[in-house]
$ cat run-v9.txt   # compact mmCIF, C-alpha atoms
# COMPACT_ATOMS: atom_id res chain seq x y z
CA MET A 69 43.20 -125.22 22.65
CA THR A 70 44.80 -122.32 20.79
CA GLU A 71 42.61 -119.35 19.92
CA GLU A 72 43.26 -116.98 17.04
CA ALA A 73 42.90 -113.22 16.54
CA ASP A 74 44.18 -110.68 14.09
CA VAL A 75 45.46 -108.52 16.96
CA VAL A 76 46.01 -109.10 20.67
CA VAL A 77 46.21 -105.96 22.81
CA VAL A 78 47.96 -106.45 26.14
CA GLY A 79 46.47 -103.96 28.59
CA GLY A 80 43.00 -102.46 28.87
CA GLY A 81 43.90 -98.89 29.75
CA ILE A 82 42.93 -95.92 27.61
CA ALA A 83 45.65 -96.63 25.03
CA GLY A 84 44.66 -100.29 24.71
CA LEU A 85 40.96 -99.50 24.41
CA ILE A 86 41.56 -96.80 21.78
CA THR A 87 43.74 -99.21 19.79
CA ALA A 88 41.07 -101.89 19.98
CA ARG A 89 38.31 -99.49 18.94
CA GLU A 90 40.19 -98.25 15.91
CA LEU A 91 41.33 -101.69 14.73
CA SER A 92 37.83 -103.12 15.11
CA ARG A 93 36.64 -100.54 12.61
CA HIS A 94 38.99 -102.09 10.06
CA ASN A 95 37.12 -105.39 10.39
CA LEU A 96 39.98 -106.96 12.30
CA SER A 97 39.36 -109.41 15.13
CA VAL A 98 40.83 -107.88 18.30
CA THR A 99 41.29 -109.44 21.74
CA VAL A 100 42.16 -107.21 24.69
CA LEU A 101 43.78 -108.89 27.70
CA GLU A 102 43.72 -106.87 30.94
CA ALA A 103 45.35 -108.29 34.08
CA ARG A 104 43.30 -106.20 36.51
CA GLU A 105 39.68 -106.88 37.40
CA ARG A 106 38.77 -103.52 35.88
CA LEU A 107 39.55 -101.55 32.73
CA GLY A 108 41.25 -98.16 32.66
CA GLY A 109 44.82 -98.88 33.75
CA ARG A 110 46.22 -95.84 35.53
CA VAL A 111 42.88 -94.04 35.32
CA TRP A 112 40.44 -95.31 37.92
CA THR A 113 37.28 -93.69 39.25
CA ASP A 114 36.24 -95.25 42.57
CA HIS A 115 33.58 -94.23 45.07
CA ARG A 116 35.30 -93.39 48.35
CA LEU A 117 34.97 -90.76 51.07
CA GLY A 118 31.45 -90.09 49.84
CA HIS A 119 32.51 -89.06 46.32
CA ASP A 120 33.60 -90.52 43.01
CA LEU A 121 37.34 -89.97 43.32
CA GLU A 122 40.04 -90.21 40.68
CA ILE A 123 42.53 -92.61 42.20
CA GLY A 124 44.86 -92.20 39.22
CA GLY A 125 44.98 -89.86 36.22
CA THR A 126 42.42 -87.07 36.29
CA TRP A 127 42.86 -83.84 34.39
CA LEU A 128 42.38 -82.88 30.77
CA HIS A 129 41.97 -79.68 28.78
CA TRP A 130 40.91 -78.40 25.38
CA VAL A 131 44.56 -77.81 24.43
CA GLN A 132 44.94 -81.60 24.71
CA SER A 133 43.42 -82.22 21.32
CA HIS A 134 43.27 -86.01 21.33
CA ALA A 135 41.52 -86.23 24.69
CA TRP A 136 39.21 -83.33 23.87
CA ALA A 137 38.18 -85.01 20.64
CA GLU A 138 37.04 -87.98 22.75
CA VAL A 139 35.12 -85.62 25.04
CA THR A 140 33.37 -84.24 21.96
CA ARG A 141 32.86 -87.65 20.35
CA TYR A 142 31.02 -89.04 23.37
CA GLY A 143 29.39 -85.85 24.64
CA LEU A 144 31.13 -86.04 28.03
CA ASP A 145 30.66 -83.23 30.52
CA VAL A 146 33.67 -81.45 31.98
CA THR A 147 33.83 -79.76 35.37
CA ARG A 148 36.41 -78.46 37.82
CA GLY A 149 37.04 -78.27 41.54
CA PRO A 150 36.22 -75.19 43.61
CA ARG A 151 38.39 -72.12 43.09
CA PRO A 152 40.81 -71.64 46.00
CA GLU A 153 39.96 -68.76 48.29
CA GLU A 154 43.09 -69.16 50.43
CA ALA A 155 46.70 -70.11 49.75
CA TYR A 156 49.50 -71.38 51.97
CA TRP A 157 53.17 -71.79 51.12
CA LEU A 158 56.52 -71.90 52.84
CA ALA A 159 59.33 -69.38 53.01
CA GLY A 160 61.99 -71.53 54.57
CA ASP A 161 60.21 -72.86 57.67
CA GLU A 162 57.74 -69.97 57.88
CA VAL A 163 54.20 -70.36 56.57
CA ARG A 164 52.95 -67.63 54.28
CA THR A 165 49.27 -67.07 53.56
CA GLY A 166 47.66 -65.26 50.67
CA THR A 167 45.67 -65.83 47.50
CA LEU A 168 46.04 -67.90 44.37
CA ASP A 169 46.89 -64.78 42.38
CA GLY A 170 49.53 -63.83 44.92
CA PHE A 171 51.17 -67.24 44.72
CA MET A 172 51.15 -67.16 40.92
CA GLU A 173 52.82 -63.75 40.99
CA LEU A 174 55.44 -65.13 43.38
CA ILE A 175 56.46 -68.01 41.11
CA ASP A 176 56.05 -66.18 37.79
CA PRO A 177 59.60 -64.71 37.51
CA GLY A 178 61.23 -68.05 38.27
CA MET A 179 58.93 -69.97 35.97
CA ARG A 180 59.56 -67.54 33.12
CA ARG A 181 63.32 -67.70 33.52
CA LEU A 182 63.34 -71.47 33.88
CA LEU A 183 61.18 -72.07 30.82
CA ASP A 184 62.36 -69.25 28.58
CA PRO A 185 64.24 -71.63 26.22
CA THR A 186 61.32 -74.05 25.86
CA MET A 187 60.50 -73.49 22.21
CA SER A 188 64.17 -73.51 21.23
CA TRP A 189 64.68 -76.98 22.70
CA VAL A 190 61.26 -78.40 21.79
CA PRO A 191 60.07 -76.36 18.80
CA ARG A 192 57.63 -79.11 17.79
CA PRO A 193 56.15 -81.02 20.75
CA ASP A 194 54.72 -83.53 18.28
CA ALA A 195 58.33 -84.30 17.32
CA PRO A 196 60.09 -84.03 20.70
CA LEU A 197 63.48 -85.14 19.40
CA SER A 198 63.63 -82.65 16.53
CA ALA A 199 66.09 -80.14 18.06
CA PRO A 200 69.59 -81.14 16.85
CA GLU A 201 71.37 -80.33 20.13
CA LEU A 202 68.67 -81.63 22.51
CA GLU A 203 71.08 -84.14 24.01
CA SER A 204 73.14 -81.29 25.46
CA VAL A 205 70.27 -80.23 27.74
CA ASP A 206 68.77 -83.67 28.38
CA GLY A 207 71.40 -84.44 31.01
CA PHE A 208 70.07 -81.77 33.38
CA SER A 209 67.41 -82.27 36.03
CA VAL A 210 64.71 -79.77 36.92
CA GLN A 211 66.61 -79.24 40.19
CA ASP A 212 69.79 -78.39 38.28
CA LYS A 213 68.03 -75.70 36.32
CA LEU A 214 66.18 -74.30 39.34
CA ASP A 215 69.46 -74.03 41.22
CA GLU A 216 71.00 -72.06 38.35
CA LEU A 217 68.40 -69.32 38.84
CA ASP A 218 69.68 -68.45 42.35
CA LEU A 219 66.20 -67.43 43.50
CA PRO A 220 65.38 -66.00 46.94
CA VAL A 221 64.40 -68.79 49.31
CA GLU A 222 60.66 -68.07 49.25
CA GLU A 223 60.55 -67.99 45.45
CA TYR A 224 62.75 -71.07 45.24
CA ARG A 225 60.61 -73.18 47.57
CA ALA A 226 57.42 -72.05 45.90
CA ASN A 227 58.72 -72.92 42.43
CA GLU A 228 60.15 -76.22 43.65
CA ALA A 229 56.86 -77.25 45.24
CA ALA A 230 54.89 -76.28 42.15
CA TRP A 231 57.15 -78.52 40.08
CA VAL A 232 56.84 -81.40 42.52
CA GLY A 233 53.10 -81.23 41.93
CA HIS A 234 53.67 -81.56 38.20
CA LEU A 235 56.48 -84.10 38.31
CA ASN A 236 55.31 -86.45 41.07
CA ALA A 237 59.03 -86.93 41.61
CA PRO A 238 61.94 -85.29 43.40
CA PRO A 239 63.09 -82.46 41.10
CA GLY A 240 66.63 -83.82 41.23
CA ASP A 241 65.45 -87.04 39.59
CA ALA A 242 63.28 -85.46 36.89
CA ALA A 243 64.65 -84.54 33.50
CA PHE A 244 64.51 -80.85 32.63
CA THR A 245 63.34 -81.97 29.19
CA SER A 246 60.17 -83.34 30.82
CA ALA A 247 59.36 -79.82 32.02
CA LEU A 248 60.17 -78.47 28.56
CA ARG A 249 57.93 -81.00 26.83
CA TRP A 250 54.92 -80.13 28.99
CA THR A 251 55.44 -76.40 28.42
CA ALA A 252 56.08 -76.80 24.70
CA ALA A 253 52.66 -78.44 24.47
CA THR A 254 51.19 -75.07 25.48
CA ALA A 255 53.46 -73.07 23.14
CA GLY A 256 55.75 -71.99 25.97
CA SER A 257 53.09 -70.65 28.36
CA TRP A 258 53.66 -71.97 31.88
CA HIS A 259 50.33 -70.51 33.02
CA LEU A 260 48.45 -72.52 30.39
CA MET A 261 50.53 -75.61 31.10
CA HIS A 262 49.63 -75.34 34.78
CA GLU A 263 45.92 -75.00 33.97
CA ALA A 264 45.95 -77.82 31.41
CA SER A 265 47.53 -80.25 33.85
CA ALA A 266 45.63 -79.52 37.04
CA VAL A 267 42.18 -77.96 36.75
CA PHE A 268 39.50 -79.56 34.55
CA ARG A 269 38.15 -83.09 34.95
CA LEU A 270 35.33 -85.25 33.61
CA ALA A 271 32.07 -84.73 35.50
CA GLY A 272 31.33 -88.45 35.23
CA GLY A 273 34.87 -89.38 36.13
CA THR A 274 37.43 -91.04 33.91
CA ARG A 275 35.12 -94.03 34.26
CA SER A 276 32.76 -92.33 31.80
CA LEU A 277 35.46 -92.21 29.12
CA VAL A 278 36.51 -95.82 29.71
CA GLU A 279 32.90 -97.00 29.49
CA ALA A 280 32.23 -94.96 26.35
CA ILE A 281 35.22 -96.38 24.50
CA ARG A 282 34.40 -99.93 25.58
CA ALA A 283 30.83 -99.58 24.36
CA ASP A 284 32.11 -98.30 21.03
CA THR A 285 34.04 -101.42 20.04
CA ASP A 286 33.14 -105.04 19.35
CA ALA A 287 36.60 -106.23 20.43
CA ASP A 288 36.76 -109.25 22.73
CA ILE A 289 37.74 -107.57 26.02
CA ARG A 290 38.80 -109.77 28.93
CA THR A 291 39.68 -108.62 32.44
CA SER A 292 41.51 -110.67 35.12
CA THR A 293 43.63 -112.13 32.32
CA GLU A 294 47.34 -111.68 32.92
CA VAL A 295 49.76 -112.28 30.07
CA ARG A 296 52.67 -114.50 31.02
CA GLY A 297 54.75 -114.50 27.83
CA ILE A 298 54.93 -113.77 24.11
CA GLU A 299 56.81 -115.67 21.41
CA HIS A 300 57.04 -113.93 18.06
CA ASP A 301 58.52 -114.25 14.60
CA PRO A 302 57.93 -112.42 11.30
CA SER A 303 54.72 -114.38 10.66
CA GLY A 304 52.99 -113.61 13.95
CA ALA A 305 53.00 -114.21 17.69
CA MET A 306 51.79 -116.63 20.33
CA VAL A 307 50.48 -114.99 23.51
CA THR A 308 50.33 -117.16 26.64
CA THR A 309 48.27 -116.16 29.66
CA ALA A 310 48.97 -116.93 33.31
CA ALA A 311 46.06 -119.38 33.26
CA GLY A 312 47.64 -121.28 30.40
CA GLY A 313 45.54 -119.89 27.55
CA ARG A 314 47.16 -119.44 24.14
CA ILE A 315 46.18 -116.96 21.47
CA LYS A 316 47.82 -116.86 18.04
CA ALA A 317 47.87 -113.34 16.58
CA ARG A 318 49.11 -111.60 13.47
CA ARG A 319 50.05 -108.55 15.53
CA VAL A 320 50.44 -107.80 19.27
CA VAL A 321 50.16 -104.40 20.95
CA LEU A 322 51.93 -103.99 24.29
CA THR A 323 50.63 -101.12 26.43
CA LEU A 324 52.64 -101.87 29.55
CA PRO A 325 54.18 -98.83 31.32
CA GLN A 326 57.93 -98.28 31.03
CA ASN A 327 58.67 -99.60 34.52
CA ILE A 328 57.19 -103.06 33.93
CA LEU A 329 57.64 -103.57 30.19
CA GLY A 330 60.99 -105.26 30.77
CA GLU A 331 59.44 -107.79 33.17
CA LEU A 332 57.35 -109.46 30.47
CA ASP A 333 58.79 -112.67 29.02
CA VAL A 334 59.22 -111.88 25.32
CA ALA A 335 61.13 -114.12 22.92
CA PRO A 336 63.09 -112.97 21.02
CA GLY A 337 63.76 -110.29 23.64
CA LEU A 338 62.97 -106.62 23.29
CA CYS A 339 65.61 -104.19 22.05
CA PRO A 340 68.33 -103.01 24.48
CA GLU A 341 66.88 -99.48 24.70
CA LYS A 342 63.45 -100.67 25.85
CA ARG A 343 65.00 -103.00 28.39
CA ALA A 344 67.39 -100.34 29.68
CA ALA A 345 64.64 -97.76 30.13
CA SER A 346 62.54 -100.30 32.03
CA ALA A 347 65.45 -101.27 34.26
CA GLU A 348 66.33 -97.63 35.04
CA LYS A 349 62.69 -96.78 35.85
CA THR A 350 60.99 -93.43 35.43
CA ALA A 351 61.69 -90.46 37.69
CA SER A 352 58.06 -90.34 38.83
CA LYS A 353 57.63 -92.29 42.05
CA GLY A 354 55.22 -90.17 44.05
CA VAL A 355 51.94 -90.58 45.85
CA LYS A 356 48.42 -89.21 45.54
CA VAL A 357 46.37 -89.03 48.74
CA TRP A 358 42.71 -88.17 49.14
CA ILE A 359 41.78 -86.63 52.51
CA ARG A 360 38.35 -85.99 54.06
CA VAL A 361 38.32 -83.26 56.67
CA ARG A 362 35.59 -81.85 58.86
CA GLY A 363 33.86 -78.81 57.44
CA PRO A 364 32.90 -76.26 56.65
CA ILE A 365 36.19 -74.91 55.28
CA LYS A 366 37.08 -72.41 52.59
CA PRO A 367 38.62 -73.96 49.46
CA PHE A 368 42.40 -73.63 49.63
CA PHE A 369 45.64 -74.89 48.20
CA ALA A 370 49.02 -75.32 49.86
CA TYR A 371 52.58 -75.94 48.68
CA SER A 372 55.54 -77.01 50.82
CA SER A 373 58.73 -78.51 49.32
CA ALA A 374 60.12 -81.68 47.81
CA ALA A 375 61.45 -82.71 51.22
CA HIS A 376 57.98 -82.87 52.80
CA PRO A 377 55.84 -86.03 52.60
CA LEU A 378 53.04 -84.00 50.97
CA SER A 379 54.17 -81.16 48.75
CA VAL A 380 50.83 -80.08 47.30
CA VAL A 381 47.35 -80.07 48.83
CA ARG A 382 44.15 -78.54 47.52
CA THR A 383 40.40 -78.72 47.94
CA GLU A 384 38.45 -80.75 45.38
CA PHE A 385 35.01 -81.13 46.98
CA VAL A 386 33.28 -78.86 49.51
CA GLY A 387 30.20 -79.75 51.58
CA ASP A 388 28.41 -78.26 54.53
CA ASP A 389 29.90 -80.69 57.02
CA ASP A 390 33.07 -81.87 55.33
CA ALA A 391 35.49 -81.30 52.47
CA VAL A 392 37.70 -83.59 50.43
CA LEU A 393 41.27 -82.62 49.62
CA VAL A 394 43.62 -84.09 47.04
CA SER A 395 47.33 -84.10 47.78
CA PHE A 396 50.59 -85.20 46.20
CA GLY A 397 54.03 -86.11 47.47
CA ALA A 398 57.27 -86.60 45.55
CA ASP A 399 58.20 -89.97 47.05
CA SER A 400 55.71 -92.71 47.90
CA ARG A 401 58.15 -94.19 50.42
CA LYS A 402 57.67 -91.15 52.69
CA ILE A 403 53.94 -91.53 53.26
CA SER A 404 51.20 -94.09 52.74
CA PRO A 405 47.82 -92.96 51.40
CA HIS A 406 46.26 -95.14 54.12
CA ASP A 407 48.22 -93.81 57.13
CA ILE A 408 45.84 -91.29 58.69
CA ASP A 409 48.27 -90.23 61.42
CA ALA A 410 51.04 -89.53 58.90
CA VAL A 411 48.62 -87.50 56.79
CA ARG A 412 47.53 -85.48 59.83
CA ALA A 413 51.18 -84.72 60.59
CA ALA A 414 51.85 -83.75 56.98
CA LEU A 415 48.97 -81.26 56.93
CA ARG A 416 50.24 -79.58 60.09
CA VAL A 417 53.14 -78.20 58.05
CA TRP A 418 50.62 -75.53 56.95
CA ARG A 419 47.60 -75.79 59.21
CA ASP A 420 46.77 -77.29 62.59
CA ASP A 421 43.06 -76.49 62.38
CA LEU A 422 42.02 -79.30 60.02
CA GLU A 423 40.37 -82.38 61.53
CA VAL A 424 41.22 -85.34 59.31
CA LEU A 425 38.38 -87.88 59.23
CA GLU A 426 39.45 -90.36 56.54
CA VAL A 427 42.19 -90.88 53.98
CA THR A 428 42.51 -93.09 50.93
CA GLY A 429 44.49 -93.64 47.75
CA HIS A 430 46.42 -96.31 45.90
CA ASP A 431 50.11 -97.17 46.00
CA TRP A 432 50.83 -97.17 42.28
CA MET A 433 54.52 -97.78 42.89
CA SER A 434 53.84 -101.21 44.42
CA ASP A 435 51.03 -102.06 41.99
CA PRO A 436 52.47 -104.97 39.93
CA TYR A 437 50.70 -103.75 36.79
CA SER A 438 52.13 -100.22 36.86
CA ARG A 439 55.02 -99.67 39.33
CA GLU A 440 54.85 -96.00 38.39
CA THR A 441 52.50 -93.02 38.45
CA TRP A 442 52.50 -90.77 35.37
CA LEU A 443 55.53 -90.60 33.11
CA ILE A 444 58.31 -88.21 34.01
CA GLN A 445 61.63 -89.26 32.52
CA GLN A 446 65.00 -89.23 34.19
CA PRO A 447 67.80 -87.17 32.62
CA GLN A 448 69.00 -88.59 29.28
CA GLN A 449 66.13 -91.05 28.91
CA LEU A 450 64.39 -88.94 26.26
CA THR A 451 67.32 -88.81 23.88
CA ARG A 452 68.65 -92.29 24.67
CA TYR A 453 65.48 -94.36 24.61
CA PHE A 454 62.35 -92.58 23.41
CA ALA A 455 62.66 -93.29 19.68
CA ALA A 456 63.26 -96.98 20.36
CA GLN A 457 60.39 -97.14 22.86
CA GLN A 458 57.95 -96.10 20.12
CA ARG A 459 59.50 -98.34 17.45
CA PRO A 460 57.73 -101.61 16.51
CA GLU A 461 59.72 -104.83 16.77
CA GLY A 462 58.54 -107.16 14.05
CA VAL A 463 54.89 -107.95 14.78
CA LEU A 464 55.05 -106.25 18.20
CA HIS A 465 53.81 -102.67 18.58
CA PHE A 466 53.97 -100.36 21.60
CA ALA A 467 51.26 -97.99 22.82
CA GLY A 468 50.65 -96.16 26.06
CA SER A 469 50.82 -92.71 27.53
CA ASP A 470 54.50 -93.26 28.36
CA TYR A 471 55.27 -93.40 24.64
CA ALA A 472 53.26 -90.40 23.41
CA ASN A 473 54.79 -87.42 21.66
CA VAL A 474 52.90 -84.39 22.93
CA TRP A 475 51.24 -85.06 26.29
CA ALA A 476 53.20 -88.06 27.54
CA GLY A 477 51.89 -89.12 30.94
CA PHE A 478 48.37 -87.74 30.32
CA ILE A 479 45.10 -89.22 29.11
CA ASP A 480 45.72 -87.28 25.90
CA GLY A 481 48.99 -89.11 25.38
CA ALA A 482 47.29 -92.48 25.83
CA VAL A 483 44.74 -91.59 23.14
CA GLU A 484 47.46 -90.28 20.82
CA SER A 485 49.56 -93.43 21.09
CA GLY A 486 46.57 -95.72 20.61
CA LEU A 487 45.63 -93.91 17.42
CA ARG A 488 49.22 -94.04 16.15
CA VAL A 489 49.64 -97.76 16.73
CA ALA A 490 46.23 -98.63 15.30
CA ARG A 491 47.20 -96.76 12.14
CA GLU A 492 50.55 -98.59 11.97
CA ILE A 493 48.87 -101.97 12.25
CA SER A 494 45.91 -101.38 9.98
CA THR A 495 48.15 -99.92 7.27
CA GLY A 496 50.58 -102.82 7.57
CA LEU A 497 47.91 -105.52 7.48
CA ASP A 498 46.12 -103.85 4.58
CA ALA A 499 49.41 -103.78 2.64
CA SER A 500 50.06 -107.46 3.37
CA HIS A 501 46.79 -108.59 1.74

$ encode --input "run-v9.txt" --output "C-alpha cells"
Amino acid sequence: MTEEADVVVVGGGIAGLITARELSRHNLSVTVLEARERLGGRVWTDHRLGHDLEIGGTWLHWVQSHAWAEVTRYGLDVTRGPRPEEAYWLAGDEVRTGTLDGFMELIDPGMRRLLDPTMSWVPRPDAPLSAPELESVDGFSVQDKLDELDLPVEEYRANEAAWVGHLNAPPGDAAFTSALRWTAATAGSWHLMHEASAVFRLAGGTRSLVEAIRADTDADIRTSTEVRGIEHDPSGAMVTTAAGGRIKARRVVLTLPQNILGELDVAPGLCPEKRAASAEKTASKGVKVWIRVRGPIKPFFAYSSAAHPLSVVRTEFVGDDDAVLVSFGADSRKISPHDIDAVRAALRVWRDDLEVLEVTGHDWMSDPYSRETWLIQQPQQLTRYFAAQQRPEGVLHFAGSDYANVWAGFIDGAVESGLRVAREISTGLDASH
C-alpha cells in the first residue's frame, strides 16, 4: 500500500522537527521519518554517570537568535557549568597552571591578530558568501593562518588547543573561513564567540527542546524508520523505507548531514556539488568524552594540543564525592570514549592526581546516521559547495545545521534552516494552488 502526504521530512533532528512544526501550521500533512529509535539527531540527552549528559550538541546563547527564540517560546531554563577555579595548559612539554583569566590573556593577542580581518571577509554572517574575494581566503586552513602569526610556543599551543576545542578537527584540516564565520556571528568578538559556543546549556537538556517541539506539532512522526531511496520528478516524489513502505509526497525535505547525504539513493541523482561535498567529508572528525572522577575537586579546565588524544577538558558537574568532566579530541581515531585506560593516560598530560571512575560518550564518526560531529568545513568547501547545498532540487529541499547561514553546526543553525525550508515549501505550495 502506498501512503500519501503533502511533505515527507527525512530526519527527526532539530531541523526536521522545526520544519514539520512550521509546515503543520499551514494545514499541510507532514510525515517525519527518523531512522534512529529516538528523535534529536546529533543532540541527545542521556542519563549516564549519574547525570543527564549531552552526548552530542549542547551549548546555546542569546546571540544565537533562532535558538533563543525557541528557549523563549517554550519557557526553557538555561544554566551553565561551574566556573573554573584552576587552569592547565602546555608550553611545549611543560605544564603551566593558572586561572581562566590568565589563559584568556595568554591567547588574546593571537586570537586578535588571527581574527582581525573577520568582518572584511564575512561582513554579513547571514550571507556568508557575500564578500566578492572570499574564494581567495577560503583555501587556507586555520593551521595555515596560525602559522603565519609566528607566535611564541606557549601562545601558539594555547591558541591551537583553543581552536581544536571549537573545531573538533585538526586545525590543518579546518577551513579558516569556518573560524571567520563563527566570529562574524558575534560581530568580530572572539571573546563572545568563545562564550556563545561553550558555556550555556539547557537546564532540562536538549531533550527538553526536542520534546517541546514534538509536542507542538501534529505531524506524523515515526522513529526506527530508515529511508532507503527517493524517486522524484516535477510532480512529486516517492519515498521508500528500508521496511518496504512507500509514501507519495508533493515535497520532500532531506535533513541528512553532509557526510551521509551522498549515500542516499536518489533518482534523478543530486547535483554534483552536493555529491562532491559528501564524498570529501567535513573537516570535523573529533570525539567528545565524558569522564567521572573521584572528588572532591576544584572545577578546572585544561588545554593541550591538536596532537594529543584529548585537547580540551573541563569540569561540568561537581559533587561532594565525584565530579564529571567533558573533554574533546581532534581525531576520534586516537581515542575511544569507552576506553577508560586511554582516557586515564590522556588526563595525565596535565594531572596525575585524578582517579578516573567511569567514561562514556558516542562515536559519532562511526554512527551510520551522522558520520560526523558538528559542521566544520574543509578549505574551499564554503565557496565551492555551500550555495548548492542549500539549493532545492525540484521537489527536494535541504535542511540541517550543516546548511545554515549564521551558526552552522549549532542548534541555532538547525532551527534557522528548518524555518527557511518550511517557508520555501509553504510559499511554493500556496502558489501552486

$ atom_distance --input "run-v9.txt" --atom1 "CA of Asn327 in chain A" --atom2 "CA of Lys349 in chain A"
5.1 Å

$ residues_around --input "run-v9.txt" --residues "Leu393 in chain A" --least-positions-apart "4" --cutoff "6 Å" --atoms "all atoms listed in the file" --output "MDAnalysis selection string"
chainID A and resid 358:359 382:384

$ atom_distance --input "run-v9.txt" --atom1 "CA of Arg116 in chain A" --atom2 "CA of Gly468 in chain A"
27.2 Å

$ residues_near_point --input "run-v9.txt" --point "(58.1, -99.9, 33.9)" --cutoff "9 Å" --atoms "all atoms listed in the file" --output "ChimeraX atom specification"
/A:324-331,345-350,437-440

$ atom_distance --input "run-v9.txt" --atom1 "CA of Arg362 in chain A" --atom2 "CA of Asp169 in chain A"
26.3 Å

$ closest_atom_pairs --input "run-v9.txt" --of "range 279-370 of chain A" --to "range 447-461 of chain A" --cutoff "8 Å" --atoms "all atoms listed in the file" --output "JSON lines"
{"residue": "A:Leu338", "atom": "CA", "partner": "A:Glu461", "partner_atom": "CA", "distance": 7.5}
{"residue": "A:Cys339", "atom": "CA", "partner": "A:Ala456", "partner_atom": "CA", "distance": 7.8}
{"residue": "A:Glu341", "atom": "CA", "partner": "A:Tyr453", "partner_atom": "CA", "distance": 5.3}
{"residue": "A:Lys342", "atom": "CA", "partner": "A:Gln457", "partner_atom": "CA", "distance": 5.5}
{"residue": "A:Ala345", "atom": "CA", "partner": "A:Tyr453", "partner_atom": "CA", "distance": 6.5}

$ closest_residue --input "run-v9.txt" --among "A:Thr186, A:Thr126, A:Thr285, A:Thr99" --to "Thr254 in chain A" --atoms "only C-alpha atoms"
A:Thr186

$ closest_atom_pairs --input "run-v9.txt" --of "range 370-394 of chain A" --to "range 217-238 of chain A" --cutoff "10 Å" --atoms "only C-alpha atoms" --output "CSV"
residue,atom,partner,partner_atom,distance
A:Ala370,CA,A:Ala229,CA,9.3
A:Tyr371,CA,A:Ala229,CA,5.6
A:Ser372,CA,A:Ala229,CA,5.7
A:Ser373,CA,A:Ala229,CA,4.7
A:Ala374,CA,A:Pro238,CA,6.0
A:Ala375,CA,A:Pro238,CA,8.2
A:His376,CA,A:Ala229,CA,9.5
A:Leu378,CA,A:Gly233,CA,9.5
A:Ser379,CA,A:Ala229,CA,5.9
A:Val380,CA,A:Gly233,CA,5.9
A:Val381,CA,A:Gly233,CA,9.1

$ residues_near_point --input "run-v9.txt" --point "(51.9, -91.1, 30.6)" --cutoff "7 Å" --atoms "only C-alpha atoms" --output "PDB file with C-alpha atoms, in the coordinates of the input"
ATOM      1  CA  TRP A 442      52.500 -90.770  35.370  1.00  0.00           C
ATOM      2  CA  LEU A 443      55.530 -90.600  33.110  1.00  0.00           C
ATOM      3  CA  GLY A 468      50.650 -96.160  26.060  1.00  0.00           C
ATOM      4  CA  SER A 469      50.820 -92.710  27.530  1.00  0.00           C
ATOM      5  CA  ASP A 470      54.500 -93.260  28.360  1.00  0.00           C
ATOM      6  CA  ALA A 476      53.200 -88.060  27.540  1.00  0.00           C
ATOM      7  CA  GLY A 477      51.890 -89.120  30.940  1.00  0.00           C
ATOM      8  CA  PHE A 478      48.370 -87.740  30.320  1.00  0.00           C
ATOM      9  CA  GLY A 481      48.990 -89.110  25.380  1.00  0.00           C
ATOM     10  CA  ALA A 482      47.290 -92.480  25.830  1.00  0.00           C
TER      11      ALA A 482
END

$ closest_residue --input "run-v9.txt" --among "A:Asp431, A:Glu203, A:Glu138, A:Glu484" --to "Lys402 in chain A" --atoms "only C-alpha atoms"
A:Asp431

$ closest_atom_pairs --input "run-v9.txt" --of "range 291-356 of chain A" --to "range 485-498 of chain A" --cutoff "10 Å" --atoms "all atoms listed in the file" --output "CSV"
residue,atom,partner,partner_atom,distance
A:Arg318,CA,A:Leu497,CA,8.6
A:Arg319,CA,A:Ile493,CA,7.4
A:Val320,CA,A:Ile493,CA,9.3
A:Val321,CA,A:Val489,CA,7.9
A:Thr323,CA,A:Gly486,CA,8.9

$ closest_residue --input "run-v9.txt" --among "A:Val361, A:Ala335, A:Val394, A:Thr293" --to "Asp420 in chain A" --atoms "only C-alpha atoms"
A:Val361

$ residues_around --input "run-v9.txt" --residues "Val78 in chain A" --least-positions-apart "3" --cutoff "12 Å" --atoms "all atoms listed in the file" --output "VMD selection string"
chain A and resid 75 81 to 85 87 to 88 98 to 104 107 109 289 to 298 307 to 309 315 317 319 to 325 329 332 437 464 to 468

$ closest_residue --input "run-v9.txt" --among "A:Asn473, A:Ser404, A:Gln446, A:Ser92" --to "Ser209 in chain A" --atoms "all atoms listed in the file"
A:Gln446

$ axis_aligned_box --input "run-v9.txt" --around "range 274-289 of chain A" --padding-each-side "3 Å" --output "lines of an AutoDock Vina configuration file"
center_x = 34.3
center_y = -100.1
center_z = 26.8
size_x = 12.9
size_y = 24.2
size_z = 20.9

$ closest_residue --input "run-v9.txt" --among "A:Ser434, A:Ser395, A:Ser188, A:Ser133" --to "Gly256 in chain A" --atoms "all atoms listed in the file"
A:Ser188

$ decode --input "run-v9.txt" --residues "range 378-383 of chain A" --atoms "N, CA, C and O atoms" --output "PDB file, in the first residue's frame"
ATOM      1  N   LEU A 378      43.207  13.954  23.787  1.00  0.00           N
ATOM      2  CA  LEU A 378      42.244  14.905  24.322  1.00  0.00           C
ATOM      3  C   LEU A 378      42.899  16.271  24.387  1.00  0.00           C
ATOM      4  O   LEU A 378      43.914  16.440  25.058  1.00  0.00           O
ATOM      5  N   SER A 379      42.317  17.224  23.689  1.00  0.00           N
ATOM      6  CA  SER A 379      42.904  18.559  23.624  1.00  0.00           C
ATOM      7  C   SER A 379      42.295  19.526  24.616  1.00  0.00           C
ATOM      8  O   SER A 379      42.934  20.508  24.996  1.00  0.00           O
ATOM      9  N   VAL A 380      41.053  19.253  25.020  1.00  0.00           N
ATOM     10  CA  VAL A 380      40.325  20.152  25.906  1.00  0.00           C
ATOM     11  C   VAL A 380      39.597  19.320  26.960  1.00  0.00           C
ATOM     12  O   VAL A 380      38.925  18.342  26.616  1.00  0.00           O
ATOM     13  N   VAL A 381      39.721  19.692  28.210  1.00  0.00           N
ATOM     14  CA  VAL A 381      38.992  19.039  29.296  1.00  0.00           C
ATOM     15  C   VAL A 381      38.500  20.120  30.249  1.00  0.00           C
ATOM     16  O   VAL A 381      39.247  21.059  30.545  1.00  0.00           O
ATOM     17  N   ARG A 382      37.271  19.968  30.730  1.00  0.00           N
ATOM     18  CA  ARG A 382      36.800  20.903  31.747  1.00  0.00           C
ATOM     19  C   ARG A 382      35.722  20.260  32.598  1.00  0.00           C
ATOM     20  O   ARG A 382      35.107  19.268  32.203  1.00  0.00           O
ATOM     21  N   THR A 383      35.490  20.835  33.753  1.00  0.00           N
ATOM     22  CA  THR A 383      34.527  20.323  34.717  1.00  0.00           C
ATOM     23  C   THR A 383      33.127  20.823  34.368  1.00  0.00           C
ATOM     24  O   THR A 383      32.924  22.014  34.171  1.00  0.00           O
TER      25      THR A 383
END
